[in-house]
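Taking it in order: structure first as structure tokens, then the write-up.
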Amino acid sequence: MPTILRIGAFRFYFYRHEPNEPPHIHVDRGEATIKIWLDSLEVAKSRGFRAPEIGDFVKLVEEHR
């Protein structure tokens, strides 16, 4: 799973082979994780992050996609 961006403790990455899913990015910090669809910037799944952090991740993904 190639890491494409690191910001502080956050790692932005993707898996090379995830068939049948739209393009997306994963973001992890420790045990917390989120998956964001790249086209719509919608959160596919999130575990362990607070709501304000989620909005920040969506903005970062939009800026760097």
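Ordering of the structure tokens sets the chain letters (A, B, ...), residue numbers begin anew at 1 in every chain, and ligands are numbered from 1 in the order given.
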Can you check which residues of chain A DSSP gives as strand (DSSP E or B) on the backbone and send them as a PyMOL selection string?
chain A and resi 3-7+10-13+24-29+32-37+43-47
In terms of the shortest atom-to-atom distance over only C-alpha atoms, which of A:Lys59, A:Phe49, A:Tyr13, A:Glu18 is closest to A:Gly30?
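Counting only C-alpha atoms, the residue closest to A:Gly30 is A:Phe49.
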Just the number, please: distance in Å from atom CA of A:Asp56 to atom CA of A:Arg16, one decimal.
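We find that atom CA of A:Asp56 and atom CA of A:Arg16 lie 24.9 Å from each other.
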Env of stretch 41-44 of chain A: 10 Å cut, atoms = only C-alpha atoms, seq-sep filter 6 positions within chain, self excluded. Answer as a VMD selection string.
chain A and resid 24 to 26 34 to 35 54 to 55 57 to 59 61 to 62 65
Just to be explicit: take each residue in the selection above, keep C-alpha atoms, and write the result as a CSV table (one decimal), in the first residue's frame.
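Dumped everything to again-v4.csv:
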chain,number,residue,atom,x,y,z
A,24,HIS,CA,-10.5,6.5,-3.0
A,25,ILE,CA,-7.8,7.3,-0.4
A,26,HIS,CA,-7.2,5.9,3.0
A,34,ILE,CA,-11.0,6.9,7.2
A,35,LYS,CA,-11.7,6.1,3.5
A,54,ILE,CA,-13.2,14.3,9.2
A,55,GLY,CA,-14.0,17.6,7.6
A,57,PHE,CA,-9.4,15.3,5.9
A,58,VAL,CA,-12.0,15.9,3.2
A,59,LYS,CA,-10.5,19.4,2.6
A,61,VAL,CA,-8.0,15.3,0.0
A,62,GLU,CA,-9.7,18.0,-2.1
A,65,ARG,CA,-6.3,15.0,-5.2
Report, in Å with one decimal, the straight-line distance from atom CA of A:Glu53 to atom CA of A:His17.
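Computed distance, atom CA of A:Glu53 to atom CA of A:His17, equals 27.1 Å.
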Could you write out, as a short mmCIF file (atom, residue, chain, number, x, y, z; two decimals) with N, CA and C atoms, in the first residue's frame, all the residues of stretch 6-59 of chain A that DSSP marks as helix (DSSP H, G or I)?
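Saved the output as out-v4.cif:
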data_model
loop_
_atom_site.label_atom_id
_atom_site.label_comp_id
_atom_site.auth_asym_id
_atom_site.auth_seq_id
_atom_site.Cartn_x
_atom_site.Cartn_y
_atom_site.Cartn_z
N ALA A 51 -15.71 14.22 14.37
CA ALA A 51 -16.35 14.91 13.23
C ALA A 51 -15.53 16.09 12.70
N PRO A 52 -14.97 16.96 13.56
CA PRO A 52 -14.18 18.08 13.01
C PRO A 52 -12.94 17.60 12.23
N GLU A 53 -12.34 16.51 12.66
CA GLU A 53 -11.18 15.97 11.95
C GLU A 53 -11.58 15.46 10.57
N ILE A 54 -12.75 14.85 10.49
CA ILE A 54 -13.22 14.29 9.22
C ILE A 54 -13.35 15.40 8.18
N GLY A 55 -13.94 16.51 8.56
CA GLY A 55 -14.05 17.65 7.64
C GLY A 55 -12.69 18.14 7.18
N ASP A 56 -11.72 18.15 8.09
CA ASP A 56 -10.36 18.57 7.73
C ASP A 56 -9.74 17.61 6.71
N PHE A 57 -9.97 16.31 6.88
CA PHE A 57 -9.42 15.34 5.93
C PHE A 57 -10.02 15.51 4.55
N VAL A 58 -11.32 15.73 4.50
CA VAL A 58 -11.97 15.93 3.21
C VAL A 58 -11.37 17.15 2.50
N LYS A 59 -11.13 18.22 3.24
CA LYS A 59 -10.51 19.42 2.64
C LYS A 59 -9.09 19.11 2.14
#
For atom CA of A:Ser40 and atom CA of A:Ala9, determine how far apart the two atoms are, in Å to one decimal place.
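Taking atom CA of A:Ser40 and atom CA of A:Ala9, their separation equals 25.1 Å.
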Nearest candidate to A:Ile7 (options A:Gly48, A:Glu31, A:His64, A:Asn20; using only C-alpha atoms):
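Closest residue, counting only C-alpha atoms: A:His64.
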At a cut-off of 10 Å, using only C-alpha atoms, what residues contact A:Arg6? Leave out same-chain residues fewer than 6 positions from it and give the result as a ChimeraX atom specification.
/A:12-13,27-28
